[in-house]
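Peer 1: Below you'll find the structure I mean.
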Amino acid sequence: MKTEELMTQSDKNIIGTYRRQPVVLVKGSGARVWDSDGKEYLDFVAGIAVCSLGHSNPKVVAALQRQAELLTHVSNLYYTEPQIRLAGMLVENSFADKVFFCNSGAEANEAAIKLARKYAYDNSKGDRYEIITMRGSFHGRTLAAITATAQEKFHVGFAPLPKGFRYVPFNDVKVLEKAIRKKTCAVMVEPIQGESGVQMPSPGYLKGVRQICHDKGILLILDEVQTGMGRTGKLFAHEHFGIKPDIMTLAKALGNGYPLGALLTTDQVASAFGPGTHASTFGGNPLGMAAGIAVLRALLEDGVMDNCREVGAYLRERLSDLKKKHFTIQEVRGMGLMVGMDLTIDGAAIVRRCLERGLLINNAGEHILRFVPPLTISKEDVDRAVEILDEALEG
Ligand SMILES: *Cc1c(COP(=O)(O)O)cnc(C)c1O
């Protein structure tokens, strides 16, 4: 089928929840993907910060192949070795003592919301269920996750939403402290807000949030679905800020494209999730675990995070150089290879022009471009991407 035909078929048979670019992608390798007409693209979206080791990473592919031939799925009625191994690796390399596996970011956050409530229920008299989240946040698309997402545009038409969420501005510890009341059981925050355009925490903010949660005896949930797994140059973004959460959620890059999510927590908090309290049919299945093991091993052993820090700094430097030339660029910010660029003009038009010239980027918010390439990207690829963006900004 031709590209046009494929797109027509897609619109006919697939519910229109996505605004898609007019390309059909058929294969990928490293930082490159190809469309159905054979055109090559440099990929600075990477499945939205998912394919951090590049497309069709040989180690992840080999791990999936091996595991698919050995054992794909048996349910959590039984122990399986890959699940035990990945949990061990995550625990060894994080603040956490225990892990719960699921299949996506929204699911991981749903589990975090349930766990925080259950922990409060088990450990306090009276109603404590309220979770405070930040304006501009994004936590996923299930009913509880959109309610945790403090942006009204995601709520329209889905009322009634679950009760027990309260919103405060991001980067304001004073308002947060005042908002905490008897009913509050947790605060949930992204270390860097991803979907609203790579919004950075102000200096001392996350430390302040940690301190408040500690003082008030409530849990700190960090949503590291986008910032985790090396994206910012450390395995988890909170390591940059000298804090530890009580609960952390992961997904996106955890499986390099194999759908995989996880909740990590301490022994103490984990005790609230006994048998029968939470579950997932596919969660922790051997295939996903094999992908996760290959990803984590590569991040820890192959110098991927060193490359992320070095090339990330280079990308920000090159983009800042562009700012001197294009007055439509307001700001360049980020950490590692999670980079945002504020524009005075419509981001979608620039995204389209880059696509035509063979570069995939996306806009998070109307006026913000987001760059989240594979962490394995080279400086030459950054040069190429900046060259294309430069042209696209010329109009
Ligand atoms: C992408 C994202 C989610 C949602 O993940 P899904 O896998 O799409 O459910 C949640 N939180 C953050 C911070 C994200 O970036």
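So you can find residues: chains in the structure tokens are A, B, ... in the order shown, residues in each start at 1, and ligands are numbered from 1 in order.
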Do you know which residues are within 8 Å of ligand 1 using only C-alpha atoms and all ligand atoms? Can you write them as a PyMOL selection string?

Peer 2: chain A and resi 48+103-109+137-142+145+190+193-195+223-227+251-252+259+261

Peer 1: Show me a table, sorted first by chain and then by increasing residue number, of the residues of region 181-246 of chain A having an atom at most 9 Å from region 117-120 of chain A, each with its shortest atom pair and the distance in Å to one decimal, counting only C-alpha atoms and written as a Markdown table.

Peer 2:
| residue | atom | partner | partner_atom | distance |
| --- | --- | --- | --- | --- |
| A:Cys185 | CA | A:Ala120 | CA | 6.1 |
| A:Ala186 | CA | A:Arg117 | CA | 8.2 |
| A:Ile218 | CA | A:Ala120 | CA | 8.4 |

Peer 1: Using only C-alpha atoms, please write the residues we just selected to a file, as a PDB file, in the first residue's frame.

Peer 2:
ATOM      1  CA  CYS A 185      -1.220  11.546  52.451  1.00  0.00           C
ATOM      2  CA  ALA A 186       1.277  12.342  49.691  1.00  0.00           C
ATOM      3  CA  ILE A 218       3.513  12.328  54.268  1.00  0.00           C
TER       4      ILE A 218
END

Peer 1: Give the strand (DSSP E or B) residues of region 155-289 of chain A, as DSSP finds them on the backbone, and put them as a PyMOL selection string.

Peer 2: chain A and resi 165-168+184-189+193+199+219-223+247-250+256+258+261-265

Peer 1: Rank nothing, just name the residue among A:Gly230, A:Gly136, A:Pro82, A:Pro201 nearest to Ile293 (chain A), using only C-alpha atoms.

Peer 2: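 Under the stated criterion, the closest residue is A:Pro82.
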
Peer 1: Can you pull out every residue within 7 Å of Leu360 (chain A), counting only C-alpha atoms, but drop anything in the same chain fewer than 5 positions away, and send it as a list of chain:residue names?

Peer 2: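 Returned residues: A:Tyr41, A:Leu42, A:Asp43, A:Phe44, A:Val45, A:Cys354, A:Leu355.
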
Peer 1: Could the residues in this selection be saved with N, CA, C and O atoms as a PDB file, in the first residue's frame?

Peer 2:
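This went into selection_33.pdb:
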ATOM      1  N   TYR A  41      15.089   9.626   8.475  1.00  0.00           N
ATOM      2  CA  TYR A  41      14.938  10.717   9.449  1.00  0.00           C
ATOM      3  C   TYR A  41      15.891  10.514  10.619  1.00  0.00           C
ATOM      4  O   TYR A  41      16.087   9.392  11.090  1.00  0.00           O
ATOM      5  N   LEU A  42      16.446  11.619  11.100  1.00  0.00           N
ATOM      6  CA  LEU A  42      17.193  11.621  12.349  1.00  0.00           C
ATOM      7  C   LEU A  42      16.150  11.795  13.457  1.00  0.00           C
ATOM      8  O   LEU A  42      15.316  12.698  13.380  1.00  0.00           O
ATOM      9  N   ASP A  43      16.176  10.927  14.455  1.00  0.00           N
ATOM     10  CA  ASP A  43      15.070  10.870  15.408  1.00  0.00           C
ATOM     11  C   ASP A  43      15.408  11.512  16.751  1.00  0.00           C
ATOM     12  O   ASP A  43      16.037  10.898  17.612  1.00  0.00           O
ATOM     13  N   PHE A  44      14.958  12.749  16.945  1.00  0.00           N
ATOM     14  CA  PHE A  44      15.146  13.443  18.224  1.00  0.00           C
ATOM     15  C   PHE A  44      13.876  13.393  19.078  1.00  0.00           C
ATOM     16  O   PHE A  44      13.676  14.218  19.961  1.00  0.00           O
ATOM     17  N   VAL A  45      13.021  12.417  18.767  1.00  0.00           N
ATOM     18  CA  VAL A  45      11.842  12.160  19.603  1.00  0.00           C
ATOM     19  C   VAL A  45      12.048  10.836  20.347  1.00  0.00           C
ATOM     20  O   VAL A  45      11.753  10.720  21.537  1.00  0.00           O
ATOM     21  N   CYS A 354      10.899  20.647  10.016  1.00  0.00           N
ATOM     22  CA  CYS A 354      12.005  19.731  10.342  1.00  0.00           C
ATOM     23  C   CYS A 354      11.720  18.347   9.761  1.00  0.00           C
ATOM     24  O   CYS A 354      12.620  17.694   9.216  1.00  0.00           O
ATOM     25  N   LEU A 355      10.482  17.902   9.883  1.00  0.00           N
ATOM     26  CA  LEU A 355      10.092  16.599   9.336  1.00  0.00           C
ATOM     27  C   LEU A 355      10.381  16.535   7.840  1.00  0.00           C
ATOM     28  O   LEU A 355      10.979  15.573   7.338  1.00  0.00           O
TER      29      LEU A 355
END

Peer 1: Quick one: DSSP alpha helix (DSSP H) residues in region 116-328 of chain A, as a ChimeraX atom specification?

Peer 2: /A:116-123,143-148,173-179,205-216,267-270,286-301,304-325

Peer 1: Can you build me a table of region 25-126 of chain A residues sitting at most 12 Å from region 283-286 of chain A, with the closest atom pair per residue and its distance in Å to one decimal, using only C-alpha atoms, sorted by chain and residue number, as CSV?

Peer 2:
residue,atom,partner,partner_atom,distance
A:Ala63,CA,A:Pro286,CA,10.5
A:Leu64,CA,A:Pro286,CA,9.2
A:Gln65,CA,A:Pro286,CA,11.5
A:Arg66,CA,A:Pro286,CA,10.7
A:Gln67,CA,A:Pro286,CA,7.0
A:Ala68,CA,A:Pro286,CA,8.3
A:Glu69,CA,A:Pro286,CA,10.9
A:Leu70,CA,A:Pro286,CA,9.1
A:Leu71,CA,A:Pro286,CA,6.6
A:Thr72,CA,A:Pro286,CA,5.5
A:His73,CA,A:Asn285,CA,5.5
A:Val74,CA,A:Asn285,CA,7.3
A:Ser75,CA,A:Asn285,CA,7.1
A:Asn76,CA,A:Gly284,CA,7.8
A:Leu77,CA,A:Asn285,CA,11.3
A:Tyr78,CA,A:Asn285,CA,10.6
A:Tyr79,CA,A:Gly284,CA,10.1
A:Thr80,CA,A:Pro286,CA,7.0
A:Glu81,CA,A:Pro286,CA,7.8
A:Pro82,CA,A:Pro286,CA,5.6
A:Gln83,CA,A:Gly284,CA,5.8
A:Ile84,CA,A:Gly284,CA,9.2
A:Arg85,CA,A:Pro286,CA,10.3
A:Leu86,CA,A:Gly284,CA,9.2
A:Ala87,CA,A:Gly284,CA,9.4
A:Val99,CA,A:Gly284,CA,10.0
A:Phe100,CA,A:Gly284,CA,8.0
A:Phe101,CA,A:Gly284,CA,5.0
A:Cys102,CA,A:Gly283,CA,3.9
A:Asn103,CA,A:Gly283,CA,5.8
A:Ser104,CA,A:Gly283,CA,9.3
A:Glu107,CA,A:Gly283,CA,9.8
A:Ala108,CA,A:Gly283,CA,10.2
A:Ala111,CA,A:Gly283,CA,11.6

Peer 1: Could you pull the residues within 9 Å of region 363-367 of chain A, counting only C-alpha atoms, minus those fewer than 2 positions along the same chain, as a PyMOL selection string?

Peer 2: chain A and resi 194-198+340-348+350-351+361+369-371

Peer 1: Just all heavy atoms for this one: save the residues we selected as a short mmCIF file (atom, residue, chain, number, x, y, z; two decimals), in the first residue's frame.

Peer 2:
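What landed in again-v1.cif:
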data_model
loop_
_atom_site.label_atom_id
_atom_site.label_comp_id
_atom_site.auth_asym_id
_atom_site.auth_seq_id
_atom_site.Cartn_x
_atom_site.Cartn_y
_atom_site.Cartn_z
N GLY A 194 8.00 17.14 32.07
CA GLY A 194 8.31 16.79 30.69
C GLY A 194 7.30 17.27 29.68
O GLY A 194 7.59 18.06 28.79
N GLU A 195 6.05 16.80 29.83
CA GLU A 195 5.03 17.07 28.82
C GLU A 195 4.68 18.55 28.72
O GLU A 195 4.24 19.01 27.68
CB GLU A 195 3.77 16.25 29.09
CG GLU A 195 3.94 14.76 28.88
CD GLU A 195 4.53 14.41 27.52
OE1 GLU A 195 3.87 14.68 26.50
OE2 GLU A 195 5.66 13.89 27.48
N SER A 196 4.87 19.29 29.79
CA SER A 196 4.56 20.72 29.68
C SER A 196 5.78 21.52 29.21
O SER A 196 5.83 22.74 29.36
CB SER A 196 3.96 21.28 30.97
OG SER A 196 4.81 21.06 32.04
N GLY A 197 6.77 20.80 28.66
CA GLY A 197 7.83 21.51 27.94
C GLY A 197 9.16 21.61 28.66
O GLY A 197 9.83 22.64 28.58
N VAL A 198 9.57 20.56 29.35
CA VAL A 198 10.87 20.53 30.05
C VAL A 198 10.98 21.74 31.00
O VAL A 198 11.80 22.63 30.82
CB VAL A 198 12.07 20.49 29.06
CG1 VAL A 198 13.38 20.18 29.82
CG2 VAL A 198 11.85 19.45 27.97
N GLY A 340 14.49 21.49 26.28
CA GLY A 340 13.34 22.25 25.78
C GLY A 340 13.79 23.58 25.22
O GLY A 340 14.82 24.13 25.63
N MET A 341 13.03 24.09 24.26
CA MET A 341 13.34 25.38 23.65
C MET A 341 12.06 26.19 23.51
O MET A 341 11.11 25.76 22.84
CB MET A 341 13.96 25.15 22.26
CG MET A 341 14.24 26.41 21.47
SD MET A 341 14.75 26.03 19.78
CE MET A 341 16.52 26.07 19.96
N ASP A 342 12.01 27.35 24.16
CA ASP A 342 10.84 28.23 24.05
C ASP A 342 10.94 29.07 22.80
O ASP A 342 12.00 29.65 22.53
CB ASP A 342 10.78 29.19 25.25
CG ASP A 342 10.31 28.50 26.52
OD1 ASP A 342 9.79 27.38 26.42
OD2 ASP A 342 10.47 29.10 27.60
N LEU A 343 9.83 29.16 22.08
CA LEU A 343 9.78 29.98 20.87
C LEU A 343 8.72 31.07 21.02
O LEU A 343 7.79 30.91 21.80
CB LEU A 343 9.40 29.11 19.66
CG LEU A 343 10.32 27.95 19.29
CD1 LEU A 343 9.69 27.15 18.15
CD2 LEU A 343 11.69 28.44 18.88
N THR A 344 8.86 32.12 20.25
CA THR A 344 7.80 33.12 20.22
C THR A 344 6.78 32.77 19.14
O THR A 344 5.74 33.40 19.04
CB THR A 344 8.38 34.52 19.89
OG1 THR A 344 9.12 34.41 18.68
CG2 THR A 344 9.28 35.02 21.00
N ILE A 345 7.13 31.76 18.31
CA ILE A 345 6.26 31.39 17.19
C ILE A 345 5.69 29.99 17.42
O ILE A 345 6.07 29.29 18.36
CB ILE A 345 7.04 31.43 15.86
CG1 ILE A 345 8.34 30.62 16.00
CG2 ILE A 345 7.31 32.86 15.46
CD1 ILE A 345 9.11 30.44 14.72
N ASP A 346 4.79 29.58 16.53
CA ASP A 346 4.11 28.30 16.62
C ASP A 346 5.10 27.13 16.44
O ASP A 346 5.77 27.02 15.40
CB ASP A 346 3.03 28.26 15.51
CG ASP A 346 2.27 26.96 15.49
OD1 ASP A 346 2.18 26.31 16.56
OD2 ASP A 346 1.77 26.59 14.42
N GLY A 347 5.20 26.28 17.46
CA GLY A 347 6.14 25.15 17.41
C GLY A 347 5.77 24.10 16.37
O GLY A 347 6.65 23.52 15.73
N ALA A 348 4.46 23.89 16.17
CA ALA A 348 4.01 22.84 15.25
C ALA A 348 4.52 23.08 13.83
O ALA A 348 4.86 22.14 13.11
CB ALA A 348 2.49 22.75 15.27
N ILE A 350 7.31 24.54 12.97
CA ILE A 350 8.74 24.20 12.95
C ILE A 350 8.93 22.68 12.93
O ILE A 350 9.77 22.15 12.19
CB ILE A 350 9.47 24.82 14.17
CG1 ILE A 350 9.28 26.33 14.22
CG2 ILE A 350 10.96 24.46 14.16
CD1 ILE A 350 9.80 27.08 13.00
N VAL A 351 8.11 21.99 13.71
CA VAL A 351 8.16 20.53 13.74
C VAL A 351 7.91 19.98 12.32
O VAL A 351 8.63 19.09 11.86
CB VAL A 351 7.12 19.96 14.73
CG1 VAL A 351 6.92 18.46 14.55
CG2 VAL A 351 7.54 20.27 16.17
N ILE A 361 11.36 16.02 15.58
CA ILE A 361 11.33 16.63 16.92
C ILE A 361 9.86 16.78 17.26
O ILE A 361 9.01 16.54 16.41
CB ILE A 361 12.01 18.03 16.99
CG1 ILE A 361 11.45 18.96 15.91
CG2 ILE A 361 13.52 17.91 16.89
CD1 ILE A 361 11.92 20.41 16.06
N LEU A 369 9.63 23.53 21.79
CA LEU A 369 10.15 22.35 21.11
C LEU A 369 10.85 21.48 22.15
O LEU A 369 11.51 21.98 23.06
CB LEU A 369 11.16 22.75 20.03
CG LEU A 369 10.66 23.64 18.89
CD1 LEU A 369 11.80 23.92 17.91
CD2 LEU A 369 9.47 23.00 18.17
N ARG A 370 10.70 20.15 21.99
CA ARG A 370 11.35 19.24 22.93
C ARG A 370 12.31 18.33 22.16
O ARG A 370 11.99 17.83 21.09
CB ARG A 370 10.30 18.39 23.66
CG ARG A 370 10.95 17.31 24.54
CD ARG A 370 9.93 16.59 25.40
NE ARG A 370 8.76 16.19 24.66
CZ ARG A 370 7.72 15.56 25.19
NH1 ARG A 370 7.71 15.27 26.48
NH2 ARG A 370 6.68 15.22 24.46
N PHE A 371 13.49 18.16 22.75
CA PHE A 371 14.52 17.30 22.15
C PHE A 371 14.83 16.17 23.14
O PHE A 371 15.38 16.43 24.22
CB PHE A 371 15.79 18.11 21.89
CG PHE A 371 15.55 19.34 21.04
CD1 PHE A 371 15.11 20.53 21.62
CD2 PHE A 371 15.74 19.31 19.67
CE1 PHE A 371 14.88 21.66 20.85
CE2 PHE A 371 15.52 20.44 18.89
CZ PHE A 371 15.07 21.62 19.49
#

Peer 1: Could you list, as a ChimeraX atom specification, every residue within 10 Å of Leu389 (chain A), counting only C-alpha atoms and ignoring same-chain residues fewer than 3 positions away?

Peer 2: /A:319,322,350-351,353-355,357,359,361,383-386,392-394

Peer 1: Nearest residue to Val173 (chain A) out of A:Thr266, A:Gln211, A:Ser94, A:Thr281, using only C-alpha atoms?

Peer 2: A:Gln211

Peer 1: So that I can check the surroundings of Leu115 (chain A), please list as JSON, numbers by chain every protein, DNA and RNA residue that reaches within 10 Å of it, counting only C-alpha atoms and ignoring chain neighbours fewer than 2 positions away.

Peer 2: {"A": [109, 110, 111, 112, 113, 117, 118, 119, 120, 121, 247, 263, 265, 269, 270, 271, 272, 273, 277, 278]}

Peer 1: Report, in Å with one decimal, the straight-line distance from CA of Glu92 (chain A) to CA of Gly334 (chain A).

Peer 2: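 According to the coordinates, CA of Glu92 (chain A) and CA of Gly334 (chain A) are separated by 27.4 Å.
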
Peer 1: From the set A:Gly336, A:Gly288, A:Gly257, A:Gly276, which residue has the shortest atom-to-atom contact distance to Gly228 (chain A), counting only C-alpha atoms?

Peer 2: A:Gly336

Peer 1: Would you mind reading off the distance between CA of Leu337 (chain A) and CA of Gly312 (chain A), one decimal, in Å?

Peer 2: 4.6 Å

Peer 1: Wanna dump the region 268-376 of chain A-region 15-38 of chain A contacts at 8 Å for me, each residue with its shortest atom pair and the distance in Å to one decimal, counting only C-alpha atoms, ordered by chain and number, as CSV?

Peer 2:
residue,atom,partner,partner_atom,distance
A:Arg352,CA,A:Gln21,CA,7.8
A:Pro373,CA,A:Ala31,CA,7.2
A:Pro374,CA,A:Ala31,CA,6.2
A:Thr376,CA,A:Gly30,CA,7.9

Peer 1: Keeping only N, CA and C atoms, write the selected residues as a PDB file, in the first residue's frame.

Peer 2:
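See result05.pdb below for the written result:
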ATOM      1  N   ARG A 352       6.932  20.557  11.628  1.00  0.00           N
ATOM      2  CA  ARG A 352       6.600  20.112  10.280  1.00  0.00           C
ATOM      3  C   ARG A 352       7.751  20.372   9.301  1.00  0.00           C
ATOM      4  N   PRO A 373      16.475  12.832  22.147  1.00  0.00           N
ATOM      5  CA  PRO A 373      17.017  11.793  21.259  1.00  0.00           C
ATOM      6  C   PRO A 373      17.508  10.589  22.059  1.00  0.00           C
ATOM      7  N   PRO A 374      17.875   9.505  21.367  1.00  0.00           N
ATOM      8  CA  PRO A 374      18.523   8.396  22.078  1.00  0.00           C
ATOM      9  C   PRO A 374      19.740   8.918  22.854  1.00  0.00           C
ATOM     10  N   THR A 376      22.417   7.554  23.170  1.00  0.00           N
ATOM     11  CA  THR A 376      23.617   7.056  22.490  1.00  0.00           C
ATOM     12  C   THR A 376      24.002   7.932  21.300  1.00  0.00           C
TER      13      THR A 376
END

Peer 1: Tell me, as a list in words, which residues lie within 6 Å of region 160-166 of chain A, counting only C-alpha atoms; anything in the same chain fewer than 5 positions away does not count.

Peer 2: Glu130, Ile131 and Ile132 of chain A

Peer 1: May I ask for the distance between CA of Cys308 (chain A) and CA of Leu375 (chain A), given in Å to one decimal place?

Peer 2: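 We find that CA of Cys308 (chain A) and CA of Leu375 (chain A) lie 5.0 Å from each other.
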
Peer 1: May I ask which of the residues A:Ile243, A:Met305, A:Val339, A:Met248 is the closest one to Ser320 (chain A), counting only C-alpha atoms?

Peer 2: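 Closest to Ser320 (chain A), using only C-alpha atoms: A:Val339.
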